[in-house]
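Before any comments, here is the structure.
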Amino acid sequence: MSTQDKIKDLVHSNRVFLFMKGTKQFPQCGFSARAVQILQAAGCHDFSTFNVLEDDEIRQGIKEYANWPTIPQLYVNGEFVGGADIMMEMLEAGELTELLKA
């Protein structure tokens, strides 16, 4: 299975999925910690994560998969949403909470 196929499988096998540095219990960068806090503030506690620090192929592959250069990356219902800054903007506008309810 190719790296891109692995990423596609992860993204489509979980309703809410976050590629991040570390785990949701122990984020290993400020942006990843912020992304977890944003999801929780939006009322989403049942989300899956992948620690990109444990797999360099996935870490590089997700940048190509979404054509997005940074981590964390949030996917909802198989669709790329954005990184921590976009997540915060969406939370403040009420859009993230609605997206997560859908």
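We name chains A, B, ... following the order of the structure tokens; residues begin at 1 in each chain, and ligands are numbered from 1 as shown.
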Exercise. Excluding same-chain residues fewer than 6 positions from segment 33-41 of chain A, what lies within 12 Å of it counting only C-alpha atoms, as a ChimeraX atom specification?
Worked result: /A:16-27,47-49,71-76,81-92,94-101
Seminar exercise, completed: Min atom-atom distance to Gly78 of chain A from the set A:Met1, A:Ile58, A:Cys29, A:Leu10, counting only C-alpha atoms, belongs to A:Leu10
Please, which residues of segment 25-79 of chain A, numbered as in this document, come out strand (DSSP E) from DSSP, as a CSV table (one decimal) with C-alpha atoms, in the first residue's frame?
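The result, stored in states_36.csv:
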chain,number,residue,atom,x,y,z
A,48,SER,CA,-8.7,10.1,16.0
A,49,THR,CA,-5.2,11.3,15.6
A,50,PHE,CA,-1.9,10.2,14.0
A,51,ASN,CA,1.4,11.2,15.4
A,73,GLN,CA,-4.1,19.0,9.5
A,74,LEU,CA,-7.8,18.4,10.3
A,75,TYR,CA,-10.0,16.2,8.2
A,76,VAL,CA,-13.8,15.9,8.7
A,79,GLU,CA,-12.4,16.3,3.6
Exercise. What are the DSSP helix (DSSP H, G or I) residues of chain A, as an MDAnalysis selection string?
Worked result: chainID A and resid 3:13 30:41 52:54 56:65 84:92 95:101
